[in-house]
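K.L.:
So here's target.csv, just CSV, C-alpha atoms and all ligand atoms:
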```csv
chain,number,residue,atom,x,y,z
A,74,MET,CA,4.5,-9.8,-32.7
A,75,SER,CA,5.7,-13.4,-32.1
A,76,TYR,CA,6.2,-14.8,-28.6
A,77,GLN,CA,10.0,-14.9,-29.1
A,78,ASP,CA,9.9,-11.2,-30.1
A,79,GLN,CA,7.8,-10.4,-27.1
A,80,LEU,CA,10.3,-12.2,-24.8
A,81,GLU,CA,13.2,-10.3,-26.3
A,82,GLN,CA,11.3,-7.0,-25.8
A,83,GLU,CA,10.6,-8.0,-22.2
A,84,GLY,CA,14.3,-8.7,-21.7
A,85,ARG,CA,15.4,-5.4,-23.1
A,86,ILE,CA,12.8,-3.4,-21.1
A,87,TRP,CA,13.7,-4.9,-17.8
A,88,GLY,CA,17.4,-4.7,-18.6
A,89,GLU,CA,17.1,-1.0,-19.2
A,90,ALA,CA,14.9,-0.5,-16.1
A,91,PHE,CA,17.3,-2.3,-13.8
A,92,ARG,CA,20.4,-0.5,-15.4
A,93,GLN,CA,18.8,2.8,-14.7
A,94,LEU,CA,17.8,1.9,-11.2
A,95,ALA,CA,21.3,0.7,-10.5
A,96,ARG,CA,22.6,4.2,-11.3
A,97,GLU,CA,20.5,5.5,-8.4
A,98,THR,CA,20.6,2.5,-6.0
A,99,PRO,CA,22.9,-0.5,-6.0
A,100,PRO,CA,20.9,-3.7,-6.6
A,101,GLU,CA,21.2,-4.8,-2.9
A,102,TRP,CA,18.4,-5.1,-0.3
A,103,ALA,CA,20.4,-3.1,2.3
A,104,PHE,CA,20.0,-0.1,-0.1
A,105,TYR,CA,16.6,-0.9,-1.7
A,106,ARG,CA,15.0,-1.1,1.7
A,107,GLU,CA,15.6,2.6,2.2
A,108,ARG,CA,13.9,3.5,-1.1
A,109,LEU,CA,10.5,5.3,-0.6
A,110,GLU,CA,8.6,2.6,-2.5
A,111,TYR,CA,9.8,-0.1,-0.1
A,112,LEU,CA,9.8,1.8,3.2
A,113,TYR,CA,6.2,1.3,4.2
A,114,THR,CA,5.1,-1.4,1.9
A,115,HIS,CA,7.4,-4.4,1.1
A,116,ARG,CA,10.0,-3.8,3.7
A,117,PRO,CA,8.4,-5.6,6.7
A,118,SER,CA,7.5,-8.7,4.7
A,119,ILE,CA,10.9,-8.9,2.9
A,120,ASP,CA,12.8,-8.4,6.2
A,121,ALA,CA,10.7,-11.2,7.8
A,122,LEU,CA,11.3,-13.5,4.8
A,123,LEU,CA,15.1,-13.0,5.0
A,124,ALA,CA,15.1,-13.5,8.7
A,125,SER,CA,13.7,-17.0,8.1
A,126,VAL,CA,16.6,-18.0,5.8
A,127,LYS,CA,19.1,-20.5,7.3
A,128,PRO,CA,22.6,-21.0,6.0
A,129,GLY,CA,22.9,-23.8,3.5
A,130,MET,CA,19.2,-23.6,2.5
A,131,CYS,CA,18.6,-24.3,-1.2
A,132,ALA,CA,16.7,-21.2,-2.5
A,133,LEU,CA,15.3,-20.2,-5.9
A,134,GLU,CA,13.9,-16.9,-7.1
A,135,LEU,CA,11.7,-16.9,-10.3
A,136,GLY,CA,11.8,-13.6,-12.2
A,137,CYS,CA,14.6,-12.1,-10.2
A,138,GLY,CA,15.3,-9.1,-12.4
A,139,SER,CA,18.7,-7.7,-11.3
A,140,GLY,CA,18.7,-10.3,-8.6
A,141,TRP,CA,18.8,-8.1,-5.5
A,142,LEU,CA,16.5,-10.5,-3.6
A,143,THR,CA,18.4,-13.6,-4.8
A,144,LEU,CA,21.5,-11.8,-3.6
A,145,ALA,CA,19.9,-11.1,-0.2
A,146,LEU,CA,19.1,-14.8,0.1
A,147,ALA,CA,22.7,-15.7,-0.6
A,148,GLN,CA,23.8,-13.0,1.9
A,149,ALA,CA,21.7,-14.8,4.5
A,150,GLY,CA,23.7,-17.9,3.7
A,151,ALA,CA,21.5,-19.7,1.2
A,152,ASP,CA,22.6,-21.5,-1.9
A,153,ALA,CA,20.6,-19.3,-4.2
A,154,LEU,CA,19.7,-19.4,-7.9
A,155,GLY,CA,17.9,-16.5,-9.7
A,156,LEU,CA,16.1,-17.1,-13.0
A,157,ASP,CA,14.9,-14.4,-15.4
A,158,ILE,CA,14.3,-14.0,-19.1
A,159,SER,CA,16.3,-10.7,-19.1
A,160,LYS,CA,20.0,-11.5,-19.7
A,161,GLN,CA,20.5,-7.7,-19.6
A,162,ALA,CA,18.9,-7.4,-16.1
A,163,LEU,CA,20.9,-10.5,-14.9
A,164,ASP,CA,24.1,-8.9,-16.1
A,165,VAL,CA,23.4,-5.9,-13.8
A,166,GLY,CA,23.2,-8.3,-10.9
A,167,ARG,CA,26.3,-10.3,-12.0
A,168,ALA,CA,28.4,-7.2,-12.3
A,169,TYR,CA,27.3,-6.0,-8.8
A,170,TYR,CA,27.9,-9.5,-7.3
A,171,GLU,CA,31.5,-9.4,-8.7
A,172,ARG,CA,32.1,-6.2,-6.7
A,173,ILE,CA,30.8,-7.5,-3.3
A,174,ARG,CA,31.2,-11.3,-3.4
A,175,GLU,CA,33.5,-11.3,-0.3
A,176,ARG,CA,30.5,-10.0,1.7
A,177,VAL,CA,28.3,-12.9,0.5
A,178,SER,CA,28.4,-16.0,2.7
A,179,GLY,CA,26.2,-18.2,0.6
A,180,ARG,CA,26.4,-19.3,-3.1
A,181,LEU,CA,24.8,-17.2,-5.8
A,182,ARG,CA,24.0,-18.0,-9.5
A,183,TYR,CA,21.9,-16.3,-12.1
A,184,GLU,CA,20.5,-18.1,-15.2
A,185,VAL,CA,18.4,-17.0,-18.1
A,186,ALA,CA,15.2,-19.0,-18.3
A,187,ASP,CA,11.7,-18.6,-19.7
A,188,LEU,CA,9.4,-19.4,-16.8
A,189,ASN,CA,6.4,-20.2,-19.1
A,190,VAL,CA,8.2,-23.4,-20.2
A,191,VAL,CA,10.8,-23.9,-17.4
A,192,GLU,CA,11.3,-27.5,-16.1
A,193,LEU,CA,12.5,-27.4,-12.5
A,194,PRO,CA,14.2,-30.3,-10.8
A,195,ALA,CA,12.0,-32.3,-8.4
A,196,ALA,CA,12.1,-31.9,-4.6
A,197,THR,CA,15.2,-29.6,-4.7
A,198,TYR,CA,14.4,-26.3,-3.0
A,199,ASP,CA,13.8,-25.3,0.7
A,200,LEU,CA,12.5,-21.9,-0.4
A,201,ILE,CA,11.1,-20.5,-3.7
A,202,VAL,CA,10.3,-16.8,-4.0
A,203,ILE,CA,8.5,-14.9,-6.7
A,204,LYS,CA,8.2,-11.2,-6.5
A,205,GLY,CA,6.2,-9.0,-9.0
A,206,THR,CA,6.5,-11.6,-11.7
A,207,LEU,CA,3.5,-13.9,-11.8
A,208,HIS,CA,1.3,-11.2,-13.3
A,209,HIS,CA,3.7,-11.2,-16.3
A,210,LEU,CA,3.3,-14.9,-17.0
A,211,PRO,CA,0.7,-16.3,-19.4
A,212,GLU,CA,1.5,-19.8,-18.3
A,213,ALA,CA,1.0,-19.2,-14.5
A,214,PRO,CA,-0.6,-22.7,-14.1
A,215,HIS,CA,2.5,-24.3,-15.5
A,216,VAL,CA,4.8,-22.2,-13.3
A,217,ILE,CA,2.8,-23.0,-10.1
A,218,ALA,CA,2.8,-26.8,-10.9
A,219,GLN,CA,6.6,-26.6,-11.4
A,220,VAL,CA,7.1,-24.8,-8.1
A,221,LYS,CA,5.1,-27.5,-6.3
A,222,ARG,CA,7.3,-30.2,-8.0
A,223,ALA,CA,10.5,-28.4,-7.2
A,224,LEU,CA,9.9,-27.7,-3.5
A,225,LYS,CA,11.2,-30.2,-0.9
A,226,ARG,CA,8.6,-31.5,1.6
A,227,GLY,CA,8.3,-28.8,4.2
A,228,GLY,CA,9.7,-26.3,1.8
A,229,ARG,CA,8.3,-22.8,1.6
A,230,LEU,CA,6.8,-20.8,-1.2
A,231,TRP,CA,6.7,-17.0,-0.8
A,232,ILE,CA,5.0,-14.7,-3.4
A,233,HIS,CA,4.5,-11.0,-3.5
A,234,ASP,CA,2.5,-9.7,-6.4
A,235,SER,CA,-0.5,-7.6,-7.5
A,236,GLN,CA,-3.8,-9.4,-7.9
A,237,GLY,CA,-7.1,-8.2,-9.3
A,238,ASP,CA,-8.1,-4.7,-10.5
A,239,GLU,CA,-7.6,-1.5,-8.6
A,240,HIS,CA,-10.8,-0.6,-6.7
A,241,PRO,CA,-12.6,2.6,-7.7
A,242,ARG,CA,-12.3,4.1,-4.2
A,243,SER,CA,-8.5,3.4,-4.0
A,244,VAL,CA,-8.2,5.0,-7.4
A,245,LEU,CA,-10.2,8.0,-6.4
A,246,LEU,CA,-8.1,8.7,-3.3
A,247,ALA,CA,-4.8,8.1,-5.1
A,248,SER,CA,-5.9,10.5,-7.9
A,249,ALA,CA,-6.8,13.2,-5.3
A,250,LEU,CA,-3.5,12.8,-3.5
A,251,MET,CA,-1.6,12.7,-6.8
A,252,PHE,CA,-3.2,16.0,-7.7
A,253,LEU,CA,-2.4,17.7,-4.4
A,254,LEU,CA,1.1,16.4,-3.8
A,255,PRO,CA,4.1,17.4,-5.8
A,256,THR,CA,4.9,14.7,-8.4
A,257,HIS,CA,7.0,14.6,-11.5
A,258,VAL,CA,4.0,16.3,-13.3
A,259,SER,CA,3.8,20.0,-12.8
A,260,TYR,CA,0.7,21.6,-11.3
A,261,ALA,CA,0.1,23.5,-14.5
A,262,ASP,CA,0.1,20.2,-16.4
A,263,LYS,CA,-2.1,18.6,-13.9
A,264,LEU,CA,-4.7,21.4,-14.3
A,265,ARG,CA,-4.4,21.1,-18.1
A,266,GLY,CA,-4.8,17.3,-17.8
A,267,LEU,CA,-7.9,17.8,-15.6
A,268,TRP,CA,-9.4,20.0,-18.3
A,269,ARG,CA,-8.4,17.7,-21.2
A,270,PHE,CA,-9.5,14.5,-19.6
A,271,ARG,CA,-12.6,15.9,-17.8
A,272,GLN,CA,-14.2,13.0,-16.1
A,273,ASN,CA,-11.4,10.6,-17.0
A,274,PRO,CA,-8.3,11.4,-14.8
A,275,THR,CA,-9.3,8.6,-12.4
A,276,GLU,CA,-9.4,6.1,-15.3
A,277,ARG,CA,-5.9,7.2,-16.3
A,278,ILE,CA,-4.7,6.8,-12.7
A,279,ARG,CA,-6.3,3.3,-12.6
A,280,MET,CA,-4.4,2.3,-15.7
A,281,SER,CA,-1.2,3.8,-14.4
A,282,MET,CA,-1.6,2.0,-11.0
A,283,GLN,CA,-2.1,-1.3,-12.8
A,284,ALA,CA,0.8,-0.9,-15.3
A,285,GLU,CA,4.5,-1.1,-14.6
A,286,GLY,CA,6.4,0.2,-17.6
A,287,LEU,CA,5.9,-1.0,-21.1
A,288,SER,CA,6.2,-4.7,-20.7
A,289,PRO,CA,4.5,-6.6,-23.5
A,290,PHE,CA,3.3,-9.1,-20.8
A,291,GLU,CA,2.1,-6.5,-18.4
A,292,GLY,CA,-1.1,-7.8,-16.8
A,293,ILE,CA,-1.3,-10.9,-19.0
A,294,GLY,CA,-1.2,-13.1,-15.9
A,295,ARG,CA,-4.5,-11.5,-15.0
A,296,HIS,CA,-6.1,-14.0,-17.4
A,297,HIS,CA,-5.5,-16.5,-14.6
A,298,ASP,CA,-6.5,-15.9,-11.0
A,299,TRP,CA,-3.0,-16.8,-9.8
A,300,LEU,CA,-4.0,-16.6,-6.2
A,301,ALA,CA,-6.7,-19.3,-6.7
A,302,LEU,CA,-4.2,-21.5,-8.5
A,303,VAL,CA,-1.7,-21.2,-5.6
A,304,GLN,CA,-4.5,-21.9,-3.1
A,305,ASP,CA,-5.5,-25.0,-5.0
A,306,ALA,CA,-1.9,-26.3,-5.1
A,307,PHE,CA,-1.2,-25.2,-1.5
A,308,PRO,CA,-4.5,-25.4,0.5
A,309,THR,CA,-2.8,-24.1,3.7
A,310,ALA,CA,-1.4,-20.9,2.1
A,311,THR,CA,-1.7,-17.8,4.1
A,312,VAL,CA,-2.5,-14.5,2.4
A,313,GLU,CA,-1.6,-11.0,3.7
A,314,ARG,CA,-3.1,-8.0,2.0
A,315,GLY,CA,-0.9,-4.9,2.0
A,316,LEU,CA,-1.6,-1.2,1.8
A,317,SER,CA,-3.8,0.1,-1.0
A,318,ILE,CA,-2.3,3.3,-2.3
A,319,THR,CA,0.9,4.1,-0.4
A,320,GLY,CA,3.2,2.1,-2.8
A,321,TYR,CA,1.8,3.9,-5.8
A,322,LEU,CA,2.2,7.3,-4.3
A,323,ALA,CA,5.7,6.5,-3.1
A,324,HIS,CA,6.7,5.9,-6.8
A,325,GLN,CA,5.2,9.3,-7.8
A,326,ILE,CA,5.9,11.7,-5.0
A,327,ARG,CA,8.6,14.3,-5.6
A,328,LEU,CA,9.6,15.9,-2.3
A,329,PRO,CA,13.0,16.1,-0.5
A,330,ARG,CA,13.4,12.9,1.5
A,331,ALA,CA,13.1,14.7,4.9
A,332,LEU,CA,9.5,15.7,3.8
A,333,ALA,CA,8.6,12.7,1.7
A,334,VAL,CA,9.3,10.1,4.5
A,335,PRO,CA,6.9,11.7,7.1
A,336,THR,CA,4.3,12.4,4.4
A,337,LEU,CA,4.3,8.8,3.2
A,338,TRP,CA,4.3,7.6,6.8
A,339,LEU,CA,1.1,9.6,7.4
A,340,ILE,CA,-0.5,8.4,4.2
A,341,SER,CA,0.5,4.8,5.1
A,342,ARG,CA,-1.2,5.1,8.5
A,343,VAL,CA,-4.5,6.4,6.9
A,344,ASP,CA,-4.2,3.9,4.1
A,345,ALA,CA,-3.8,1.0,6.7
A,346,LEU,CA,-6.9,2.2,8.6
A,347,LEU,CA,-9.1,2.7,5.6
A,348,THR,CA,-7.9,-0.7,4.2
A,349,ARG,CA,-8.7,-2.4,7.5
A,350,LEU,CA,-12.2,-0.7,7.5
A,351,GLY,CA,-12.8,-2.0,3.9
A,352,VAL,CA,-13.0,1.6,2.5
A,353,LEU,CA,-9.9,1.0,0.4
A,354,HIS,CA,-8.9,-2.4,-1.2
A,355,SER,CA,-5.4,-3.6,-1.7
A,356,THR,CA,-4.2,-5.4,-4.8
A,357,GLY,CA,-0.8,-6.1,-3.3
A,358,ILE,CA,-0.6,-9.4,-1.6
A,359,THR,CA,2.0,-11.6,0.0
A,360,VAL,CA,1.4,-15.3,0.0
A,361,SER,CA,3.3,-17.8,2.1
A,362,ALA,CA,2.8,-21.6,1.7
A,363,SER,CA,4.5,-24.8,2.7
A,364,LEU,CA,4.6,-28.1,0.9
A,365,GLU,CA,3.0,-30.5,3.4
B,401,LIG,C1,8.2,-6.6,-12.2
B,401,LIG,S1,9.8,-7.3,-12.6
B,401,LIG,C2,10.2,-8.0,-11.0
B,401,LIG,C3,11.6,-8.2,-10.9
B,401,LIG,C4,12.1,-8.6,-9.5
B,401,LIG,N1,11.5,-9.7,-8.9
B,401,LIG,C5,11.9,-7.4,-8.5
B,401,LIG,O1,10.9,-7.5,-7.7
B,401,LIG,O2,12.6,-6.4,-8.7
B,401,LIG,C6,9.3,-8.7,-13.6
B,401,LIG,C7,10.4,-9.6,-14.0
B,401,LIG,O3,9.9,-10.8,-14.6
B,401,LIG,C8,10.7,-11.2,-15.7
B,401,LIG,N2,10.0,-12.0,-16.6
B,401,LIG,C9,8.9,-11.7,-17.3
B,401,LIG,N3,8.5,-12.7,-18.1
B,401,LIG,C10,9.4,-13.7,-17.9
B,401,LIG,C11,9.5,-15.0,-18.3
B,401,LIG,N4,8.6,-15.5,-19.2
B,401,LIG,N5,10.5,-15.8,-17.8
B,401,LIG,C12,11.4,-15.3,-16.9
B,401,LIG,N6,11.3,-14.1,-16.4
B,401,LIG,C13,10.3,-13.3,-16.9
B,401,LIG,C14,11.2,-9.8,-16.2
B,401,LIG,O4,12.3,-9.9,-17.0
B,401,LIG,C15,11.4,-9.0,-15.0
B,401,LIG,O5,12.7,-9.1,-14.5
```
Since I need it in another form, could you write the structure as structure tokens?
P.N.:
Amino acid sequence: MSYQDQLEQEGRIWGEAFRQLARETPPEWAFYRERLEYLYTHRPSIDALLASVKPGMCALELGCGSGWLTLALAQAGADALGLDISKQALDVGRAYYERIRERVSGRLRYEVADLNVVELPAATYDLIVIKGTLHHLPEAPHVIAQVKRALKRGGRLWIHDSQGDEHPRSVLLASALMFLLPTHVSYADKLRGLWRFRQNPTERIRMSMQAEGLSPFEGIGRHHDWLALVQDAFPTATVERGLSITGYLAHQIRLPRALAVPTLWLISRVDALLTRLGVLHSTGITVSASLE
């Protein structure tokens, strides 16, 4: 498949994913932050990021999908631009913005762009955010060089993404909990799967933990150690490792919310302890860096 065809497929896949998600949850952080997969994982760092935004700041999001985070930056008063390859996903964001624009104090724009070849204007942005996108980009070195060029002096880069492969112990514990907890797979199918795959259910979970959908670029950014690239470009970058398995289980668990929330809370506490002790290893990291 040619690169152009892959980009078109990427656009369609994420457009469909964000259209479906918008049927359940409006593409706005006030609603997203209540979703199980954000509650104990991304929520604290995204809330802290948004609290740091000042009215009038010039902000850019790379790979914004339906634009919920770009919208949140604009709601915090920023002059915000979201770039993504998926016109379909951006249309979800644009349609939603039309409905709520009176509630948005800042300025908001979405544009289609291929980040692998994008040329950003020099010294323009106070804040650049990239969430869940770097691992889809074969040209991560180009993107990071562009980010460095586009930040104003003193400007901030914020990245949240997965980095590296899932650790065997994290996979093992996630597999065991997936087996025990109700998920979208019935217990009968889980037992059948255990028999069919014998020793391999953990391998299947590992692959599923590392994949998000059917993107043709899924994991392609793993060819580069994006964290090392960022640390080279921004030597004072701070790195925060998140939880190891809670996010994955939050996606899979099928329980009424009143039960799912305390169950995930308990898992998140155990996860935090085992991650701190080095028993589990997190692949989800948040990087914050300033241009000196
Ligand atoms: C995992 S989604 C993350 C979306 C959003 N940041 C979020 O957290 O909901 C990855 C996004 O990267 C976008 N993307 C992938 N390759 C891209 C490229 N070459 N240029 C621009 N966007 C790209 C996809 O369209 C998709 O919206």
K.L.:
Sorted by chain and rising residue number, list the residues of stretch 176-234 of chain A at most 12 Å from stretch 104-119 of chain A (counting all atoms listed in the file), each with its closest atom pair and distance in Å to one decimal, as a tab-separated table.
P.N.:
```
residue	atom	partner	partner_atom	distance
A:Val202	CA	A:Ile119	CA	10.5
A:Ile203	CA	A:Ile119	CA	11.6
A:Lys204	CA	A:Ile119	CA	10.0
A:Gly205	CA	A:His115	CA	11.2
A:Trp231	CA	A:Ile119	CA	9.8
A:Ile232	CA	A:Ser118	CA	10.4
A:His233	CA	A:His115	CA	8.6
A:Asp234	CA	A:His115	CA	10.4
```
K.L.:
Identify, counting all atoms listed in the file, the protein, DNA and RNA residues located within 8 Å of ligand LIG 401 (chain B), and give them as a PDB file with C-alpha atoms, in the frame of the given file.
P.N.:
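So the final result, stored in pocket-v9.pdb, reads:
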```pdb
ATOM      1  CA  LEU A  80      10.300 -12.200 -24.800  1.00  0.00           C
ATOM      2  CA  GLU A  83      10.600  -8.000 -22.200  1.00  0.00           C
ATOM      3  CA  GLY A  84      14.300  -8.700 -21.700  1.00  0.00           C
ATOM      4  CA  ILE A  86      12.800  -3.400 -21.100  1.00  0.00           C
ATOM      5  CA  TRP A  87      13.700  -4.900 -17.800  1.00  0.00           C
ATOM      6  CA  GLY A  88      17.400  -4.700 -18.600  1.00  0.00           C
ATOM      7  CA  GLU A 134      13.900 -16.900  -7.100  1.00  0.00           C
ATOM      8  CA  LEU A 135      11.700 -16.900 -10.300  1.00  0.00           C
ATOM      9  CA  GLY A 136      11.800 -13.600 -12.200  1.00  0.00           C
ATOM     10  CA  CYS A 137      14.600 -12.100 -10.200  1.00  0.00           C
ATOM     11  CA  GLY A 138      15.300  -9.100 -12.400  1.00  0.00           C
ATOM     12  CA  SER A 139      18.700  -7.700 -11.300  1.00  0.00           C
ATOM     13  CA  GLY A 140      18.700 -10.300  -8.600  1.00  0.00           C
ATOM     14  CA  TRP A 141      18.800  -8.100  -5.500  1.00  0.00           C
ATOM     15  CA  LEU A 142      16.500 -10.500  -3.600  1.00  0.00           C
ATOM     16  CA  LEU A 156      16.100 -17.100 -13.000  1.00  0.00           C
ATOM     17  CA  ASP A 157      14.900 -14.400 -15.400  1.00  0.00           C
ATOM     18  CA  ILE A 158      14.300 -14.000 -19.100  1.00  0.00           C
ATOM     19  CA  SER A 159      16.300 -10.700 -19.100  1.00  0.00           C
ATOM     20  CA  ALA A 162      18.900  -7.400 -16.100  1.00  0.00           C
ATOM     21  CA  VAL A 185      18.400 -17.000 -18.100  1.00  0.00           C
ATOM     22  CA  ALA A 186      15.200 -19.000 -18.300  1.00  0.00           C
ATOM     23  CA  ASP A 187      11.700 -18.600 -19.700  1.00  0.00           C
ATOM     24  CA  LEU A 188       9.400 -19.400 -16.800  1.00  0.00           C
ATOM     25  CA  ASN A 189       6.400 -20.200 -19.100  1.00  0.00           C
ATOM     26  CA  VAL A 190       8.200 -23.400 -20.200  1.00  0.00           C
ATOM     27  CA  ILE A 203       8.500 -14.900  -6.700  1.00  0.00           C
ATOM     28  CA  LYS A 204       8.200 -11.200  -6.500  1.00  0.00           C
ATOM     29  CA  GLY A 205       6.200  -9.000  -9.000  1.00  0.00           C
ATOM     30  CA  THR A 206       6.500 -11.600 -11.700  1.00  0.00           C
ATOM     31  CA  LEU A 207       3.500 -13.900 -11.800  1.00  0.00           C
ATOM     32  CA  HIS A 209       3.700 -11.200 -16.300  1.00  0.00           C
ATOM     33  CA  LEU A 210       3.300 -14.900 -17.000  1.00  0.00           C
ATOM     34  CA  PRO A 211       0.700 -16.300 -19.400  1.00  0.00           C
ATOM     35  CA  GLU A 285       4.500  -1.100 -14.600  1.00  0.00           C
ATOM     36  CA  PHE A 290       3.300  -9.100 -20.800  1.00  0.00           C
TER      37      PHE A 290
END
```
K.L.:
Measuring between all atoms listed in the file, which one of A:Arg229, A:Leu316, A:Leu122, A:Asp152 shows the shortest distance to A:Glu365?
P.N.:
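Nearest candidate to A:Glu365 out of A:Arg229, A:Leu316, A:Leu122, A:Asp152: A:Arg229.
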K.L.:
Report, in Å to a single decimal, how far apart atom CA of A:Arg265 and atom CA of A:Arg242 are.
P.N.:
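Straight-line distance from atom CA of A:Arg242 to atom CA of A:Arg265 works out to 23.3 Å.
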K.L.:
Point out the residue among A:Ala132, A:Leu253, A:Val220, A:Ala121 with the least atom-to-atom distance to A:Thr359, counting all atoms listed in the file.
P.N.:
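Selected residue with least distance to A:Thr359: A:Ala121.
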K.L.:
Given the choices A:Asp164, A:Glu239, A:Asp120, A:Glu184, which gets closest to A:Leu353 if the distance is worked out from only C-alpha atoms?
P.N.:
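Ranking A:Asp164, A:Glu239, A:Asp120, A:Glu184 by distance to A:Leu353, first place goes to A:Glu239.
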K.L.:
Give me, as a compact mmCIF listing (two decimals) with C-alpha atoms, keeping the file's coordinate frame, all polymer residues having an atom no more than 8 Å from A:Arg222, counting all atoms listed in the file and skipping those fewer than 4 positions away in the same chain.
P.N.:
```
# COMPACT_ATOMS: atom_id res chain seq x y z
CA LEU A 193 12.50 -27.40 -12.50
CA PRO A 194 14.20 -30.30 -10.80
CA ALA A 195 12.00 -32.30 -8.40
CA ALA A 196 12.10 -31.90 -4.60
CA ALA A 218 2.80 -26.80 -10.90
```
K.L.:
Hey, which of A:Thr336, A:Tyr260, A:Leu230, A:His296 ends up closest to A:Thr311? Count all atoms listed in the file.
P.N.:
A:Leu230
K.L.:
Would you kindly return, as an mmCIF file with C-alpha atoms, keeping the file's coordinate frame, each protein, DNA or RNA residue with an atom no farther than 7 Å from any atom of A:His354, considering all atoms listed in the file and excluding same-chain residues fewer than 2 positions away?
P.N.:
```
data_model
loop_
_atom_site.group_PDB
_atom_site.id
_atom_site.type_symbol
_atom_site.label_atom_id
_atom_site.label_comp_id
_atom_site.auth_asym_id
_atom_site.auth_seq_id
_atom_site.Cartn_x
_atom_site.Cartn_y
_atom_site.Cartn_z
ATOM 1 C CA HIS A 240 -10.800 -0.600 -6.700
ATOM 2 C CA SER A 243 -8.500 3.400 -4.000
ATOM 3 C CA SER A 317 -3.800 0.100 -1.000
ATOM 4 C CA THR A 348 -7.900 -0.700 4.200
ATOM 5 C CA GLY A 351 -12.800 -2.000 3.900
ATOM 6 C CA VAL A 352 -13.000 1.600 2.500
ATOM 7 C CA THR A 356 -4.200 -5.400 -4.800
#
```
K.L.:
Rounded to one decimal in Å, what is the spacing between atom CA of A:Gly129 and atom CA of A:Gly179?
P.N.:
7.1 Å
K.L.:
Counting all atoms listed in the file, which of A:Ser361, A:Thr143, A:Gln148, A:Ser288 gets nearest to A:Gly166?
P.N.:
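The closest residue to A:Gly166 is A:Thr143.
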K.L.:
Go through A:Ala301, A:Leu250, A:Ala124, A:Leu346 and flag the residue nearest A:Ile217, using all atoms listed in the file for the distances.
P.N.:
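Answer, going by the shortest atom-to-atom distance: A:Ala301.
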K.L.:
Using atom CA of A:Gly320 and atom CA of A:Trp299 as the two end points, give the distance in Å to one decimal.
P.N.:
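Distance reported for this atom pair: 21.1 Å.
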